[in-house]
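Trainee: Just so it is clear, I am handing over work-v3.txt, which has compact mmCIF, C-alpha atoms.
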```txt
# COMPACT_ATOMS: atom_id res chain seq x y z
CA MET A 19 0.00 0.00 0.00
CA GLU A 20 1.36 3.44 -0.93
CA PHE A 21 1.90 6.10 1.70
CA GLY A 22 -1.22 8.02 2.46
CA ASP A 23 -3.61 5.35 1.21
CA VAL A 24 -6.64 4.57 3.31
CA THR A 25 -8.42 1.25 3.55
CA VAL A 26 -12.01 1.19 4.75
CA PRO A 27 -13.26 -2.04 6.41
CA ALA A 28 -15.05 -4.34 3.97
CA GLU A 29 -18.47 -3.68 5.41
CA GLY A 30 -17.90 0.06 4.89
CA ARG A 31 -18.16 0.90 8.57
CA GLY A 32 -15.75 1.80 11.31
CA GLN A 33 -12.48 3.64 11.42
CA ALA A 34 -10.32 3.76 8.30
CA VAL A 35 -6.91 2.11 8.38
CA VAL A 36 -4.24 4.53 7.23
CA ASP A 37 -0.61 4.09 6.29
CA PRO A 38 1.07 6.80 8.37
CA PRO A 39 3.74 9.01 6.82
CA ALA A 40 7.33 8.11 7.54
CA VAL A 41 8.13 11.42 9.25
CA VAL A 42 5.69 14.31 9.50
CA ARG A 43 6.14 17.02 12.09
CA PRO A 44 2.63 17.72 13.40
CA VAL A 45 1.24 21.21 12.92
CA PRO A 46 -0.83 22.22 15.97
CA PHE A 47 -4.55 22.67 15.62
CA SER A 48 -5.70 26.28 15.42
CA GLU A 49 -9.40 25.79 14.59
CA PHE A 50 -11.61 23.96 17.06
CA ILE A 51 -15.14 23.01 16.02
CA LEU A 52 -17.30 22.24 19.04
CA LYS A 53 -20.54 20.39 18.34
CA VAL A 54 -22.52 21.99 21.13
CA HIS A 55 -25.94 20.90 19.81
CA SER A 56 -26.35 17.95 17.47
CA ARG A 57 -29.99 18.42 16.39
CA CYS A 58 -31.32 20.76 13.72
CA ASN A 59 -34.65 22.41 12.98
CA LEU A 60 -34.12 22.20 9.21
CA ALA A 61 -33.97 19.17 6.92
CA CYS A 62 -31.62 20.36 4.14
CA ASP A 63 -31.34 17.56 1.59
CA TYR A 64 -27.55 17.89 1.24
CA CYS A 65 -26.80 17.90 4.99
CA TYR A 66 -23.66 15.84 5.71
CA MET A 67 -24.73 15.38 9.35
CA TYR A 68 -28.16 13.89 8.71
CA GLU A 69 -28.76 13.07 5.05
CA LEU A 70 -25.56 11.58 3.60
CA ALA A 71 -23.52 8.44 4.33
CA ASP A 72 -23.02 8.71 8.10
CA ARG A 73 -26.24 9.59 9.95
CA ARG A 74 -25.13 8.64 13.46
CA ALA A 75 -25.58 12.26 14.58
CA ARG A 76 -29.25 11.36 14.94
CA THR A 77 -28.32 9.30 18.02
CA ASP A 78 -25.60 11.55 19.46
CA PRO A 79 -26.40 13.38 22.72
CA PRO A 80 -28.47 16.41 21.69
CA LEU A 81 -26.50 18.85 23.86
CA MET A 82 -22.86 18.89 24.95
CA SER A 83 -22.96 18.55 28.74
CA ALA A 84 -21.40 21.13 31.04
CA ASP A 85 -18.84 18.58 32.23
CA ILE A 86 -17.74 17.71 28.68
CA PHE A 87 -17.62 21.38 27.71
CA ASP A 88 -15.47 22.28 30.74
CA LEU A 89 -13.10 19.41 30.03
CA THR A 90 -12.90 20.49 26.38
CA CYS A 91 -11.99 24.01 27.53
CA ARG A 92 -9.15 22.63 29.64
CA ARG A 93 -7.85 20.46 26.79
CA LEU A 94 -8.02 23.42 24.43
CA ALA A 95 -6.15 25.67 26.88
CA GLU A 96 -3.42 23.01 27.24
CA HIS A 97 -2.98 22.91 23.46
CA VAL A 98 -2.85 26.69 23.09
CA ARG A 99 -0.28 27.04 25.87
CA ALA A 100 1.85 24.09 24.79
CA HIS A 101 2.16 25.42 21.24
CA GLU A 102 2.14 29.13 22.14
CA LEU A 103 -0.70 29.83 19.71
CA SER A 104 -1.46 33.50 19.21
CA THR A 105 -5.02 32.76 18.07
CA ALA A 106 -7.46 29.89 18.55
CA ARG A 107 -10.47 29.99 16.24
CA ILE A 108 -13.35 28.27 18.02
CA VAL A 109 -16.62 27.55 16.21
CA LEU A 110 -19.77 26.68 18.14
CA HIS A 111 -21.45 24.32 15.71
CA GLY A 112 -24.18 21.74 15.23
CA GLY A 113 -26.67 20.63 14.06
CA GLU A 114 -28.11 24.04 14.81
CA PRO A 115 -26.23 25.59 17.75
CA LEU A 116 -28.91 28.21 18.48
CA LEU A 117 -31.18 25.38 19.62
CA ALA A 118 -29.02 25.49 22.76
CA GLY A 119 -30.09 29.11 23.28
CA ALA A 120 -28.16 32.31 22.70
CA ALA A 121 -27.56 32.79 26.43
CA THR A 122 -25.96 29.34 26.66
CA LEU A 123 -23.70 30.08 23.70
CA ALA A 124 -22.70 33.40 25.24
CA ARG A 125 -21.75 31.66 28.51
CA MET A 126 -19.74 29.11 26.51
CA ALA A 127 -17.84 31.94 24.82
CA GLU A 128 -17.05 33.50 28.19
CA ARG A 129 -15.83 30.17 29.57
CA LEU A 130 -13.65 29.56 26.50
CA ARG A 131 -12.00 32.96 26.78
CA ALA A 132 -11.40 32.47 30.48
CA ALA A 133 -9.78 29.09 29.83
CA VAL A 134 -7.69 30.02 26.79
CA HIS A 135 -7.00 33.76 27.00
CA PRO A 136 -9.31 36.69 26.31
CA THR A 137 -7.21 37.91 23.40
CA SER A 138 -6.41 34.47 21.94
CA ALA A 139 -9.90 32.98 21.57
CA ARG A 140 -11.84 34.05 18.47
CA VAL A 141 -15.29 32.57 19.06
CA SER A 142 -17.91 32.28 16.34
CA VAL A 143 -21.18 30.46 15.78
CA GLN A 144 -22.31 28.95 12.47
CA THR A 145 -26.09 28.99 12.23
CA ASN A 146 -28.83 28.41 9.67
CA GLY A 147 -30.22 31.77 10.79
CA THR A 148 -33.82 30.71 11.40
CA LEU A 149 -33.58 31.33 15.18
CA LEU A 150 -31.48 34.49 14.99
CA ASP A 151 -33.88 37.18 16.19
CA GLU A 152 -33.09 40.57 17.71
CA ARG A 153 -32.73 39.19 21.23
CA ALA A 154 -30.39 36.33 20.22
CA LEU A 155 -28.30 38.67 18.08
CA SER A 156 -27.97 41.17 20.91
CA VAL A 157 -26.89 38.48 23.39
CA LEU A 158 -24.28 37.02 21.03
CA ALA A 159 -22.97 40.41 19.91
CA ASP A 160 -22.60 41.57 23.53
CA ALA A 161 -20.61 38.38 24.23
CA GLY A 162 -18.24 39.11 21.33
CA VAL A 163 -19.38 36.08 19.33
CA LEU A 164 -19.09 36.37 15.54
CA ILE A 165 -22.07 35.02 13.61
CA GLY A 166 -21.90 33.15 10.32
CA VAL A 167 -25.12 32.28 8.46
CA SER A 168 -25.88 29.78 5.71
CA LEU A 169 -27.94 30.96 2.73
CA ASP A 170 -27.91 29.60 -0.82
CA GLY A 171 -28.91 32.75 -2.71
CA ASP A 172 -32.35 34.12 -3.50
CA ARG A 173 -35.63 32.60 -2.34
CA ALA A 174 -35.88 30.04 -5.14
CA ALA A 175 -32.28 28.85 -4.81
CA ASN A 176 -32.32 28.68 -1.02
CA ASP A 177 -35.68 26.97 -0.65
CA ARG A 178 -34.82 24.30 -3.19
CA ARG A 179 -32.56 22.60 -0.63
CA ARG A 180 -32.79 24.40 2.71
CA ARG A 181 -36.25 23.47 3.98
CA TYR A 182 -38.01 22.44 7.14
CA ALA A 183 -39.08 18.81 7.53
CA SER A 184 -42.58 19.90 6.50
CA GLY A 185 -41.20 21.00 3.14
CA ARG A 186 -41.59 24.72 3.86
CA GLY A 187 -38.67 26.86 2.79
CA SER A 188 -36.46 28.70 5.28
CA PHE A 189 -35.79 31.86 3.25
CA ASP A 190 -38.10 34.27 5.10
CA GLU A 191 -36.55 33.59 8.51
CA VAL A 192 -32.98 33.72 7.20
CA ASP A 193 -33.68 36.88 5.20
CA ARG A 194 -34.95 38.53 8.39
CA ALA A 195 -31.89 37.39 10.35
CA LEU A 196 -29.41 38.63 7.77
CA ARG A 197 -31.08 42.03 7.53
CA LEU A 198 -30.70 42.32 11.31
CA LEU A 199 -27.10 41.12 11.17
CA ALA A 200 -26.20 43.62 8.45
CA GLU A 201 -26.90 46.37 11.02
CA HIS A 202 -24.34 44.83 13.40
CA PRO A 203 -21.15 44.57 11.30
CA GLY A 204 -18.99 43.95 14.36
CA ALA A 205 -20.78 40.62 14.95
CA TYR A 206 -21.05 39.61 11.28
CA ALA A 207 -18.74 36.78 10.16
CA GLY A 208 -20.24 36.18 6.71
CA ILE A 209 -22.39 33.88 4.59
CA LEU A 210 -21.81 30.30 3.48
CA CYS A 211 -23.46 29.39 0.17
CA VAL A 212 -23.61 25.92 -1.40
CA VAL A 213 -23.31 25.97 -5.19
CA ASP A 214 -26.54 25.02 -6.96
CA LEU A 215 -26.31 24.46 -10.70
CA ASP A 216 -29.99 25.34 -11.08
CA ALA A 217 -29.29 28.85 -9.78
CA ASP A 218 -27.70 31.58 -11.86
CA PRO A 219 -24.23 32.32 -10.39
CA ARG A 220 -24.33 36.07 -10.90
CA ARG A 221 -27.85 36.37 -9.54
CA THR A 222 -26.83 34.24 -6.55
CA TYR A 223 -23.83 36.45 -5.81
CA GLU A 224 -25.91 39.61 -6.13
CA ALA A 225 -28.57 38.17 -3.82
CA LEU A 226 -25.92 37.57 -1.15
CA LEU A 227 -24.46 41.06 -1.60
CA ALA A 228 -27.83 42.55 -0.64
CA TYR A 229 -27.08 41.52 2.97
CA ARG A 230 -23.75 43.40 3.04
CA PRO A 231 -21.67 40.39 4.19
CA PRO A 232 -18.01 40.97 5.07
CA MET A 233 -17.24 37.56 3.58
CA VAL A 234 -18.92 35.00 1.32
CA ASP A 235 -17.75 31.46 0.80
CA PHE A 236 -19.00 29.29 -2.04
CA LEU A 237 -19.02 25.60 -1.11
CA LEU A 238 -19.20 22.66 -3.48
CA PRO A 239 -21.88 20.11 -2.50
CA HIS A 240 -20.30 17.30 -0.53
CA ALA A 241 -19.90 14.42 -2.95
CA ASN A 242 -17.36 11.77 -3.91
CA TRP A 243 -16.68 9.09 -6.52
CA GLU A 244 -19.16 6.70 -4.88
CA THR A 245 -21.86 9.37 -4.57
CA PRO A 246 -21.28 11.86 -7.40
CA PRO A 247 -22.50 15.45 -7.17
CA PRO A 248 -25.83 16.49 -8.69
CA GLY A 249 -25.31 17.12 -12.37
CA PRO A 250 -27.23 18.76 -15.20
CA GLY A 251 -27.37 15.61 -17.36
CA ARG A 252 -25.27 13.72 -19.88
CA ALA A 253 -25.38 16.40 -22.57
CA ALA A 254 -23.95 19.01 -20.23
CA PRO A 255 -20.24 19.93 -19.99
CA ALA A 256 -18.00 17.77 -17.79
CA ASP A 257 -17.10 20.73 -15.56
CA PRO A 258 -20.43 22.44 -14.71
CA TYR A 259 -19.39 23.47 -11.20
CA GLY A 260 -16.21 25.01 -12.53
CA ARG A 261 -18.18 27.02 -15.08
CA TRP A 262 -20.60 28.18 -12.37
CA LEU A 263 -17.73 29.31 -10.17
CA CYS A 264 -15.96 31.03 -13.09
CA ASP A 265 -19.08 33.14 -13.68
CA ALA A 266 -19.33 33.91 -9.97
CA PHE A 267 -15.63 34.85 -9.91
CA ASP A 268 -16.09 37.29 -12.80
CA ALA A 269 -19.09 38.88 -11.04
CA TRP A 270 -16.91 39.42 -7.97
CA TYR A 271 -13.71 40.41 -9.81
CA ASP A 272 -15.11 42.75 -12.47
CA VAL A 273 -15.99 45.65 -10.19
CA PRO A 274 -14.01 48.83 -9.49
CA VAL A 275 -14.52 48.50 -5.72
CA ARG A 276 -14.55 45.11 -3.98
CA LEU A 277 -17.88 44.78 -2.18
CA THR A 278 -17.05 41.73 -0.09
CA ARG A 279 -14.42 39.08 0.36
CA VAL A 280 -15.01 35.68 -1.26
CA ARG A 281 -12.86 33.19 0.58
CA LEU A 282 -12.48 30.57 -2.17
CA PHE A 283 -11.47 33.17 -4.75
CA GLU A 284 -9.08 34.96 -2.40
CA GLU A 285 -7.47 31.65 -1.48
CA LEU A 286 -6.91 30.79 -5.15
CA ILE A 287 -5.38 34.21 -5.87
CA ASN A 288 -3.17 33.90 -2.81
CA LEU A 289 -1.96 30.45 -3.89
CA LEU A 290 -1.38 31.51 -7.50
CA LEU A 291 0.80 34.35 -6.23
CA GLY A 292 2.90 31.94 -4.17
CA GLY A 293 1.17 32.15 -0.79
CA SER A 294 -0.08 29.38 1.49
CA SER A 295 -3.66 28.23 1.83
CA ARG A 296 -5.71 29.02 4.91
CA THR A 297 -8.49 26.56 4.18
CA GLU A 298 -8.59 22.83 3.59
CA SER A 299 -10.62 23.09 0.37
CA VAL A 300 -7.60 24.11 -1.74
CA GLY A 301 -3.83 24.18 -1.39
CA LEU A 302 -1.45 21.91 0.50
CA SER A 303 -1.29 23.51 3.93
CA PRO A 304 -1.64 20.93 6.73
CA VAL A 305 -5.15 20.49 8.10
CA ALA A 306 -5.44 22.55 11.29
CA ALA A 307 -9.07 21.88 12.27
CA VAL A 308 -10.41 19.33 14.73
CA VAL A 309 -13.94 18.53 15.94
CA VAL A 310 -15.20 17.71 19.44
CA ASN A 311 -18.58 15.97 19.31
CA THR A 312 -21.39 16.39 21.85
CA ASP A 313 -20.33 13.09 23.48
CA GLY A 314 -16.75 14.30 24.02
CA GLY A 315 -15.29 12.30 21.15
CA TYR A 316 -12.57 13.83 19.01
CA GLU A 317 -13.42 13.70 15.32
CA GLN A 318 -11.72 14.61 12.09
CA VAL A 319 -13.36 17.29 9.97
CA ASP A 320 -17.10 16.68 10.17
CA THR A 321 -17.65 16.81 6.41
CA LEU A 322 -16.06 13.35 6.24
CA ARG A 323 -19.48 12.08 7.32
CA SER A 324 -20.42 12.46 3.65
CA THR A 325 -18.16 9.52 2.69
CA TYR A 326 -18.96 6.45 4.82
CA PRO A 327 -20.08 5.67 8.39
CA GLY A 328 -17.18 6.04 10.80
CA ALA A 329 -14.93 8.13 8.56
CA VAL A 330 -14.72 10.90 11.18
CA ASP A 331 -13.82 8.57 14.06
CA THR A 332 -10.53 8.68 15.96
CA ASP A 333 -11.52 6.54 19.01
CA LEU A 334 -10.06 9.32 21.17
CA THR A 335 -12.00 11.42 23.70
CA VAL A 336 -11.52 14.52 25.82
CA PHE A 337 -11.81 12.26 28.88
CA ASP A 338 -8.61 10.35 28.18
CA HIS A 339 -6.69 12.16 25.46
CA SER A 340 -5.22 15.55 24.61
CA PHE A 341 -5.39 17.43 21.34
CA ASP A 342 -1.74 16.44 20.84
CA ASP A 343 -2.85 12.79 20.96
CA VAL A 344 -5.23 13.59 18.09
CA LEU A 345 -2.37 15.18 16.15
CA ARG A 346 -0.55 11.84 16.30
CA HIS A 347 -3.52 9.90 14.93
CA PRO A 348 -2.49 8.31 11.58
CA ALA A 349 -5.46 9.73 9.64
CA VAL A 350 -4.67 13.24 10.88
CA ALA A 351 -0.97 12.78 10.08
CA VAL A 352 -1.85 11.87 6.49
CA ARG A 353 -3.95 15.00 6.16
CA GLN A 354 -0.96 17.05 7.31
CA ALA A 355 1.44 15.39 4.88
CA GLY A 356 0.85 17.74 1.96
CA LEU A 357 2.19 16.74 -1.45
CA SER A 358 3.24 13.21 -0.48
CA ALA A 359 -0.36 12.28 0.38
CA LEU A 360 -1.71 13.15 -3.09
CA ALA A 361 -2.57 10.63 -5.78
CA ALA A 362 -0.02 10.20 -8.58
CA ASP A 363 -2.42 11.81 -11.08
CA CYS A 364 -2.66 14.85 -8.83
CA ARG A 365 1.11 15.20 -8.43
CA ALA A 366 1.46 15.15 -12.22
CA CYS A 367 -1.14 17.91 -12.71
CA PRO A 368 0.23 21.40 -13.45
CA VAL A 369 -2.15 23.07 -10.93
CA HIS A 370 -1.67 20.62 -8.04
CA LEU A 371 0.07 23.16 -5.79
CA VAL A 372 -3.01 25.38 -6.01
CA CYS A 373 -5.69 22.71 -6.07
CA GLY A 374 -4.03 20.58 -3.40
CA GLY A 375 -6.11 17.62 -4.52
CA GLY A 376 -9.31 19.42 -3.56
CA ASN A 377 -11.35 18.96 -0.41
CA TYR A 378 -10.36 15.68 1.29
CA PRO A 379 -13.88 14.15 1.52
CA HIS A 380 -14.38 14.76 -2.19
CA ARG A 381 -11.51 12.35 -3.01
CA TYR A 382 -13.14 9.25 -1.55
CA ARG A 383 -13.60 6.19 -3.76
CA ALA A 384 -14.38 2.65 -2.50
CA GLY A 385 -12.06 2.39 0.46
CA SER A 386 -9.47 5.04 -0.37
CA PHE A 387 -8.99 8.81 -0.26
CA ARG A 388 -5.86 8.65 -2.43
CA ASN A 389 -7.67 9.89 -5.53
CA PRO A 390 -8.22 13.18 -7.36
CA SER A 391 -11.27 15.14 -6.27
CA VAL A 392 -14.58 14.20 -7.83
CA TYR A 393 -14.54 17.91 -8.81
CA CYS A 394 -11.12 17.64 -10.47
CA ARG A 395 -12.16 19.07 -13.84
CA ASP A 396 -14.17 21.83 -12.21
CA LEU A 397 -11.28 22.88 -10.00
CA ARG A 398 -8.78 22.89 -12.85
CA LEU A 399 -11.10 24.99 -15.02
CA LEU A 400 -11.61 27.51 -12.20
CA ILE A 401 -7.92 27.71 -11.30
CA GLU A 402 -6.88 28.25 -14.93
CA HIS A 403 -9.60 30.86 -15.35
CA VAL A 404 -8.47 32.80 -12.27
CA SER A 405 -4.84 32.45 -13.36
CA GLY A 406 -5.68 33.79 -16.80
CA ARG A 407 -7.48 36.81 -15.38
CA LEU A 408 -4.55 37.60 -13.07
CA ARG A 409 -1.98 37.12 -15.82
CA ALA A 410 -3.87 39.44 -18.18
CA ASP A 411 -4.12 42.15 -15.53
CA LEU A 412 -0.49 41.89 -14.49
CA THR A 413 0.64 41.95 -18.12
CA GLY A 414 -1.48 45.04 -18.70
CA LEU A 415 0.05 46.79 -15.72
CA ARG A 416 3.58 46.04 -16.93
CA SER A 417 2.81 47.24 -20.45
CA ARG A 418 1.60 50.55 -19.02
CA GLY A 419 4.82 50.86 -17.00
CA ARG A 420 3.16 50.67 -13.60
```
Since I need it in another form, could you write the structure as structure tokens?
Mentor:
Amino acid sequence: MEFGDVTVPAEGRGQAVVDPPAVVRPVPFSEFILKVHSRCNLACDYCYMYELADRRARTDPPLMSADIFDLTCRRLAEHVRAHELSTARIVLHGGEPLLAGAATLARMAERLRAAVHPTSARVSVQTNGTLLDERALSVLADAGVLIGVSLDGDRAANDRRRRYASGRGSFDEVDRALRLLAEHPGAYAGILCVVDLDADPRRTYEALLAYRPPMVDFLLPHANWETPPPGPGRAAPADPYGRWLCDAFDAWYDVPVRLTRVRLFEELINLLLGGSSRTESVGLSPVAAVVVNTDGGYEQVDTLRSTYPGAVDTDLTVFDHSFDDVLRHPAVAVRQAGLSALAADCRACPVHLVCGGGNYPHRYRAGSFRNPSVYCRDLRLLIEHVSGRLRADLTGLRSRGR
């Protein structure tokens, strides 16, 4: 078995077996995703927690107990001190974290800052927005908690996927929440938007801009070689997501004044200019995120639930293990190994330093993650498009003697 390959048990369940790298110096975690509430009041059809391969979140404890939360705070403080981290990004996540109540989340933020360091802990909450009313927003803002909201564009685009179990769309509640949040820029983290091929990319981007977000991030639907992404049909191009993102990039790029940040596009520009990635979706920077579940179990990035049952498991818990123990886990070591963990086809690709093989869960195929992304063609098209736009602009500047 080649280095970095992963073998899933024959029945498709349980922890993957990973060939660890020969020597990889662990990079400390700097992003800590705490699953403080595992249930959700929406039933989005692409949800990796409840609707894709691993649905065990349905039986997880609904709420992280006070004892588990306090122990997690102590483990987190140990890690920050041991590695002298200047910043720890902590995301209160779910499910839907606001089901725990805004006051509970505010107390959690206070406890985290007291444990880590007031100036080191950057606490945020990622919510679907349906429960974010004026009172909840005020409580979270007063506690210094940044708020990120998920919205997939205009009413038609959002309500196609992001619905209640009854089938009713969620747009009205989220629209209300984002209009409130736009009046509190100090508490506004941004908007996450999942790409929908049935939605016009420019119209989607413009719909998001109406809420004055400081940042937008376009996310590809979680899919892999065993469960391919939704497509427009056989007659369509082989890179429809890349084309969608190219149009969205042009809508963002072709303006005299930048109206918001778009994380994916900024990351690609940064990588093309020789920088390092700050997200796991592109580039080769070591993964720096870790999840603590409501039951106190350490997990790899939660989007791995989209691949097979047990893919997130480490068999380590806050009761008996430190975050450094998680760093030494073979599956985490592979995800910190950079170039050597990529498939041969990826290493031979001219854009591999920018693409980085794509998002790790999107590489899964029948027992192995050592594959190109299921979005390989889309990513290459987008990267070459962004590169072409940059090259043309830089050439124009040089020709004008600037």
Trainee: Quote the spacing between atom CA of A:Ala118 and atom CA of A:Leu169 in Å to one decimal place.
Mentor: 20.8 Å
Trainee: So which one's closest to A:Thr245, A:Thr413, A:Ser83, A:Ser324, A:Thr278? Using only C-alpha atoms, please.
Mentor: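 Among A:Thr413, A:Ser83, A:Ser324, A:Thr278, it is A:Ser324 that comes nearest to A:Thr245.
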Trainee: Interatomic distance between atom CA of A:Val45 and atom CA of A:Val305?
Mentor: 8.0 Å
Trainee: Edge lengths and centre in Å to one decimal, as AutoDock Vina command-line options, of the axis-aligned box that encloses all listed atoms of stretch 265-271 of chain A with 8 Å added on every side?
Mentor:
```
--center_x -16.5 --center_y 36.8 --center_z -10.8 --size_x 21.6 --size_y 23.3 --size_z 21.7
```
Trainee: Find the residues of stretch 275-312 of chain A that sit at most 8 Å from stretch 222-242 of chain A; for each, write down the nearest two atoms and how far apart they are in Å, to one decimal. Count only C-alpha atoms. Sort by chain, then by number going up, and give it as JSON lines.
Mentor:
```
{"residue": "A:Leu277", "atom": "CA", "partner": "A:Leu227", "partner_atom": "CA", "distance": 7.6}
{"residue": "A:Thr278", "atom": "CA", "partner": "A:Pro232", "partner_atom": "CA", "distance": 5.3}
{"residue": "A:Arg279", "atom": "CA", "partner": "A:Met233", "partner_atom": "CA", "distance": 4.5}
{"residue": "A:Val280", "atom": "CA", "partner": "A:Val234", "partner_atom": "CA", "distance": 4.7}
{"residue": "A:Arg281", "atom": "CA", "partner": "A:Asp235", "partner_atom": "CA", "distance": 5.2}
{"residue": "A:Leu282", "atom": "CA", "partner": "A:Asp235", "partner_atom": "CA", "distance": 6.1}
```
Trainee: Quick one: pull the distance between atom CA of A:Pro348 and atom CA of A:Glu49, Å, one decimal.
Mentor: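 Atom CA of A:Pro348 sits 19.0 Å away from atom CA of A:Glu49.
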Trainee: Since fewer atoms than expected are present, regenerate N, CA and C atoms for stretch 366-379 of chain A and write them as a tab-separated table (two decimals), keeping the file's coordinate frame.
Mentor:
```tsv
chain	number	residue	atom	x	y	z
A	366	ALA	N	1.05	14.88	-10.84
A	366	ALA	CA	1.46	15.15	-12.22
A	366	ALA	C	0.71	16.32	-12.84
A	367	CYS	N	-0.30	16.84	-12.16
A	367	CYS	CA	-1.14	17.91	-12.71
A	367	CYS	C	-0.44	19.26	-12.54
A	368	PRO	N	-0.48	20.12	-13.54
A	368	PRO	CA	0.23	21.40	-13.45
A	368	PRO	C	-0.35	22.37	-12.41
A	369	VAL	N	-1.57	22.14	-11.91
A	369	VAL	CA	-2.15	23.07	-10.93
A	369	VAL	C	-2.24	22.45	-9.54
A	370	HIS	N	-1.49	21.35	-9.29
A	370	HIS	CA	-1.67	20.62	-8.04
A	370	HIS	C	-1.28	21.44	-6.81
A	371	LEU	N	-0.32	22.36	-6.94
A	371	LEU	CA	0.07	23.16	-5.79
A	371	LEU	C	-1.04	24.13	-5.37
A	372	VAL	N	-1.88	24.49	-6.31
A	372	VAL	CA	-3.01	25.38	-6.01
A	372	VAL	C	-4.23	24.57	-5.60
A	373	CYS	N	-4.54	23.56	-6.37
A	373	CYS	CA	-5.69	22.71	-6.07
A	373	CYS	C	-5.50	21.93	-4.77
A	374	GLY	N	-4.30	21.38	-4.59
A	374	GLY	CA	-4.03	20.58	-3.40
A	374	GLY	C	-4.81	19.28	-3.35
A	375	GLY	N	-5.31	18.84	-4.49
A	375	GLY	CA	-6.11	17.62	-4.52
A	375	GLY	C	-7.58	17.86	-4.21
A	376	GLY	N	-7.92	19.12	-3.88
A	376	GLY	CA	-9.31	19.42	-3.56
A	376	GLY	C	-9.65	19.02	-2.13
A	377	ASN	N	-10.89	19.27	-1.76
A	377	ASN	CA	-11.35	18.96	-0.41
A	377	ASN	C	-11.24	17.46	-0.15
A	378	TYR	N	-10.67	17.09	1.00
A	378	TYR	CA	-10.36	15.68	1.29
A	378	TYR	C	-11.56	14.75	1.14
A	379	PRO	N	-12.74	15.06	1.69
A	379	PRO	CA	-13.88	14.15	1.52
A	379	PRO	C	-14.28	13.93	0.07
```
